[in-house]
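Visitor: A single structure is presented below for examination.
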Number of protein chains: 2
Amino acid sequence: MRIHPKYLFLNELSVAAALLLFGSYAYAQLDPLPSWSDTGPKKTIIEFVEKVTTTGSPDFVEPTERIATFDNDGTLWAEQPMYFQAIFIFDRIKQLAPQHPEWKNKEPFASVLKGDVNGALAGGKKALLEMAMATHAGMTTEAFGQIVNDWMASAKHPKTGRRYTEMIYQPMLELLAYLRANDFKTYIVSGGGIEFMRPWSERIYGIPPEQVLGSSIKTKYQVQDGKPVLMRLPEMNFIDDKDGKVVGINQHIGRRPIMAFGNSDGDFEMLEWTTAGPGPRLGVMVHHTDDKREWAYDRDSHVGRLDRGLDEGPSRGWVFVDMKDDWKVIFPPAAK
Amino acid sequence: MRIHPKYLFLNELSVAAALLLFGSYAYAQLDPLPSWSDTGPKKTIIEFVEKVTTTGSPDFVEPTERIATFDNDGTLWAEQPMYFQAIFIFDRIKQLAPQHPEWKNKEPFASVLKGDVNGALAGGKKALLEMAMATHAGMTTEAFGQIVNDWMASAKHPKTGRRYTEMIYQPMLELLAYLRANDFKTYIVSGGGIEFMRPWSERIYGIPPEQVLGSSIKTKYQVQDGKPVLMRLPEMNFIDDKDGKVVGINQHIGRRPIMAFGNSDGDFEMLEWTTAGPGPRLGVMVHHTDDKREWAYDRDSHVGRLDRGLDEGPSRGWVFVDMKDDWKVIFPPAAK
């Protein structure tokens with residue numbers, strides 16, 4: 001069954017009446033992607049959705065196979081000046097410092113406590129992993145979810161002063177809603193922590209926890225005083241990045257997506273896997289080109305590096321969203 | 001929104017008309033669980049579903065939180081004389097033997113080729129794992145899915161002569177449909193192989209691949225002649241049994257179920273975790289008590305051992321389904 005977005009709330013008669021009464025205002029209401037400019041990417045996306053949802057079309061795809069996967073950092077929300085989860089880790093280290101007097105003299109913790117971000121990140125992946133384990137493990141899954149929710153409710157982005165959950169991309173919110181209105185299942189497939197996203201993904205993106213894939217640490221089932229809990233262990237379970245995204249999609253979803261959205265070379269394999277399947281397929285890369293309203297970066301960035309994707313994507317038929325030209329709005333209106 | 005099963009196909013007026021015209025036949029059609037005897041378990045299940053789906057009820061549960069998990073072997077289909085996946089492994093060894101002349105002199109393969117099941121299983125878990133790896137790895141995920149489908153279409157159960165996909169429990173099919181009609185998401189959470197179930201779970205149970213959890217081996221993303229594939233590796237990834245079921249549920253679903261169904265001590269932790277949550281919860285154990293229509297086994301069985309569950313389940317409020325007394329029918333009518 002194909003539901004054209006304009007019929008979601010209004011039947012044909014009331015659409016006609018609304019057009020007569022409200023003119024262009026009503027028209028804008030009917031556009032499923034009002035924050036997208038009327039440029040190539042919007043047209044390609046809408047054409048794709050219409051052909052796979054039109055019964056009798058040679059490109060028709062059964063609703064059960066309408067799987068769309070989205071990277072999170074840099075695709076659904078911003079990732080500058082660094083991954084928001086890294087900021088969360090730094091904040092947690094500062095908060096936990098009183099219980100860890102040894103951190104004052106131990107890198108990378110000492111740098112974090114001095115406010116020296118570059119020093120903290122100098123140890124590379126190993127240092128980041130050490131900090132992640134020190135702040136993400138040793139409590140129950142329930143307790144960690146509460147910590148994430150509390151942080152999201154209070155922490156603010158250093159440049160914009162917005163909550164991190166307001167650093168999401170308005171055009172992508174519209175796209176998620178548009179796809180779901182057309183019977184797509186929308187998934188997050190992120191290199192970020194799965195338990196860092198799940199507490200708020202449904203409220204913010206409309207994506208329920210069971211449709212969130214991410215990196216994870218191991219957990220252990222324990223019964224404490226008769227109460228079963230899952231304890232978070234300081235040990236990696238799965239890294240959901242690059243080829244890991246395809247492994248994760250197969251493990252978790254068990255179907256190949258027909259649409260995939262990313263913004264970096266970490267999403268290359270996900271788009272490759274998605275677009276290599278039979279039938280209609282669409283791969284989309286969000287290109288960060290707007291240094292006024294957001295940030296401009298690609299080949300040389302320390303986060304969201306997009307290099308191979310820029311070289312090979314176009315010949316593979318992937319669509320590139322130029323944020324500066326293709327998005328009328330970047331972020332939703334800030335909450336009061 | 002709560003949909004009472006009797007309104008699924010008929011509106012109120014036509015229900016009334018049907019009752020007048022067809023009497024008890026129509027009544028039977030309206031029973032959501034016609035293969036269940038009107039005994040305790042059926043009543044408890046229906047009462048539970050009605051209270052969690054009644055708007056305004058103190059026990060009302062939002063549709064998004066209506067998660068029900070089902071073990072597969074011994075809960076949704078039979079598991080005697082041994083797990084069906086073990087029979088699949090033996091059949092695969094026989095089929096692959098020409099390419100493995102060394103198997104003739106190497107246990108446990110030699111015993112399988114001689115038709116000596118006990119000999120093949122004498123090596124315990126280690127031997128079974130070795131046979132699983134030899135038959136489940138070394139091909140793409142796609143090729144493995146085809147092998148499973150081909151086997152399901154041709155192999156027959158040694159006792160009943162039915163296809164294995166006809167060795168499913170009719171009362172559980174009705175229960176799955178009843179729960180879904182009441183906005184539950186139904187999941188398989190099985191110790192069996194995830195890729196052994198996914199090729200047919202949607203067709204047979206109405207459970208899509210993304211709602212199937214199971215044990216898995218590792219896969220590796222590779223691009224072969226420009227075509228990306230996932231190769232299956234001879235290395236365990238995850239064992240979805242006992243406490244692993246809870247870990248898997250958290251990893252995959254990210255919510256705690258409100259209903260869980262099992263039949264063995266391998267499901268103990270899943271029921272424990274499910275029923276320990278706040279609000280209304282229901283844990284159900286299928287007890288194999290019917291040695292005429294199916295098999296009777298519990299504490300001393302080599303498959304589906306139910307011992308601790310029998311001791312502790314009743315005081316935890318878990319419901320036990322006595323297959324002999326509580327199910328009018330075991331298997332659906334066989335396909336022609």
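Letters A, B, ... go to the chains of the structure tokens in the order shown; residues in each chain start at 1; ligands are counted from 1 in the same order.
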Counting only C-alpha atoms, which residues of chain B fall within 7 Å of chain A, and what is the closest atom pair for each with its distance in Å at one decimal, ordered by chain and rising number, as JSON lines?

Guide:
{"residue": "B:Pro209", "atom": "CA", "partner": "A:Gly254", "partner_atom": "CA", "distance": 5.4}
{"residue": "B:Glu210", "atom": "CA", "partner": "A:Ile253", "partner_atom": "CA", "distance": 4.1}
{"residue": "B:Thr219", "atom": "CA", "partner": "A:Val247", "partner_atom": "CA", "distance": 6.5}
{"residue": "B:Lys220", "atom": "CA", "partner": "A:Val247", "partner_atom": "CA", "distance": 7.0}
{"residue": "B:Tyr221", "atom": "CA", "partner": "A:Asp243", "partner_atom": "CA", "distance": 5.9}
{"residue": "B:Pro228", "atom": "CA", "partner": "A:Trp273", "partner_atom": "CA", "distance": 6.1}
{"residue": "B:Asp243", "atom": "CA", "partner": "A:Tyr221", "partner_atom": "CA", "distance": 5.9}
{"residue": "B:Val247", "atom": "CA", "partner": "A:Thr219", "partner_atom": "CA", "distance": 6.5}
{"residue": "B:His252", "atom": "CA", "partner": "A:Glu210", "partner_atom": "CA", "distance": 6.1}
{"residue": "B:Ile253", "atom": "CA", "partner": "A:Glu210", "partner_atom": "CA", "distance": 4.1}
{"residue": "B:Gly254", "atom": "CA", "partner": "A:Pro209", "partner_atom": "CA", "distance": 5.4}
{"residue": "B:Trp273", "atom": "CA", "partner": "A:Pro228", "partner_atom": "CA", "distance": 6.1}

Visitor: B:Pro58, B:Gly124, B:Gly191, B:Gly309: which is nearest Pro280 of chain B, counting only C-alpha atoms?

Guide: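 Smallest distance to Pro280 of chain B is found for B:Pro58.
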
Visitor: Check the DSSP output for the backbone and give back, as a ChimeraX atom specification, the residues of segment 121-248 of chain A in helix (DSSP H, G or I).

Guide: /A:121,124-136,141-154,164-166,170-181,194-205,209-211,243-248

Visitor: What's the 12 Å shell around Glu47 of chain B, counting only C-alpha atoms, without same-chain residues fewer than 5 positions away, as a PDB file with N, CA and C atoms, in the first residue's frame?

Guide:
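Final output, saved to result_10.pdb:
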ATOM      1  N   GLY B  40      -6.812 -22.990  32.408  1.00  0.00           N
ATOM      2  CA  GLY B  40      -6.125 -21.854  33.029  1.00  0.00           C
ATOM      3  C   GLY B  40      -5.219 -21.041  32.121  1.00  0.00           C
ATOM      4  N   PRO B  41      -4.269 -21.678  31.414  1.00  0.00           N
ATOM      5  CA  PRO B  41      -3.311 -20.893  30.625  1.00  0.00           C
ATOM      6  C   PRO B  41      -3.976 -19.979  29.603  1.00  0.00           C
ATOM      7  N   LYS B  42      -4.958 -20.505  28.875  1.00  0.00           N
ATOM      8  CA  LYS B  42      -5.649 -19.681  27.884  1.00  0.00           C
ATOM      9  C   LYS B  42      -6.315 -18.480  28.551  1.00  0.00           C
ATOM     10  N   VAL B  52      -3.576  -5.264  29.364  1.00  0.00           N
ATOM     11  CA  VAL B  52      -2.501  -4.353  28.915  1.00  0.00           C
ATOM     12  C   VAL B  52      -2.911  -3.551  27.679  1.00  0.00           C
ATOM     13  N   THR B  53      -4.014  -3.950  27.022  1.00  0.00           N
ATOM     14  CA  THR B  53      -4.443  -3.230  25.816  1.00  0.00           C
ATOM     15  C   THR B  53      -5.678  -2.374  26.041  1.00  0.00           C
ATOM     16  N   THR B  54      -6.215  -2.365  27.276  1.00  0.00           N
ATOM     17  CA  THR B  54      -7.417  -1.580  27.553  1.00  0.00           C
ATOM     18  C   THR B  54      -7.033  -0.159  27.978  1.00  0.00           C
ATOM     19  N   ASP B  59      -3.283  -1.172  34.143  1.00  0.00           N
ATOM     20  CA  ASP B  59      -2.251  -2.046  33.593  1.00  0.00           C
ATOM     21  C   ASP B  59      -1.984  -1.783  32.112  1.00  0.00           C
ATOM     22  N   PRO B 280       2.687  -4.893  34.483  1.00  0.00           N
ATOM     23  CA  PRO B 280       2.206  -6.249  34.202  1.00  0.00           C
ATOM     24  C   PRO B 280       3.215  -7.048  33.378  1.00  0.00           C
ATOM     25  N   ARG B 281       3.417  -8.285  33.759  1.00  0.00           N
ATOM     26  CA  ARG B 281       4.410  -9.168  33.139  1.00  0.00           C
ATOM     27  C   ARG B 281       3.849 -10.577  33.110  1.00  0.00           C
ATOM     28  N   LEU B 282       4.194 -11.338  32.102  1.00  0.00           N
ATOM     29  CA  LEU B 282       3.758 -12.733  32.070  1.00  0.00           C
ATOM     30  C   LEU B 282       4.856 -13.622  31.506  1.00  0.00           C
TER      31      LEU B 282
END

Visitor: So which one's closest to Ala335 of chain B, B:Val117, B:Ala78, B:Met167, B:Ala68? Using only C-alpha atoms, please.

Guide: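 Checking each of B:Val117, B:Ala78, B:Met167, B:Ala68 against Ala335 of chain B, counting only C-alpha atoms, the winner is B:Met167.
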
Visitor: Please list as an NGL selection string every residue within 10 Å of Gly115 of chain A, counting only C-alpha atoms and excluding residues in the same chain fewer than 6 positions away.

Guide: :A and (90 or 94 or 109)

Visitor: Given the selection you just returned, output its residues as a file containing N, CA, C and O atoms, formatted as a PDB file, in the first residue's frame.

Guide:
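Result saved to part-v4.pdb:
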ATOM      1  N   PHE A  90      34.129  13.306  28.343  1.00  0.00           N
ATOM      2  CA  PHE A  90      34.897  14.310  29.097  1.00  0.00           C
ATOM      3  C   PHE A  90      34.089  14.821  30.297  1.00  0.00           C
ATOM      4  O   PHE A  90      34.616  14.965  31.400  1.00  0.00           O
ATOM      5  N   LYS A  94      35.025  14.457  34.401  1.00  0.00           N
ATOM      6  CA  LYS A  94      35.037  15.556  35.380  1.00  0.00           C
ATOM      7  C   LYS A  94      34.110  15.246  36.559  1.00  0.00           C
ATOM      8  O   LYS A  94      34.437  15.502  37.709  1.00  0.00           O
ATOM      9  N   PHE A 109      43.364  11.057  31.489  1.00  0.00           N
ATOM     10  CA  PHE A 109      42.406  11.694  32.403  1.00  0.00           C
ATOM     11  C   PHE A 109      42.890  13.059  32.899  1.00  0.00           C
ATOM     12  O   PHE A 109      42.110  13.998  33.010  1.00  0.00           O
TER      13      PHE A 109
END

Visitor: Which of segment 119-313 of chain A end up as strand (DSSP E) when DSSP is run on this backbone - answer as a ChimeraX atom specification?

Guide: /A:185-193,212-224,227-238,259-262,282-289,296-297

Visitor: Go ahead and compute the interatomic distance for atom CA of Arg305 of chain A and atom CA of Ser154 of chain A, in Å to one decimal.

Guide: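 These two atoms are separated by 29.1 Å.
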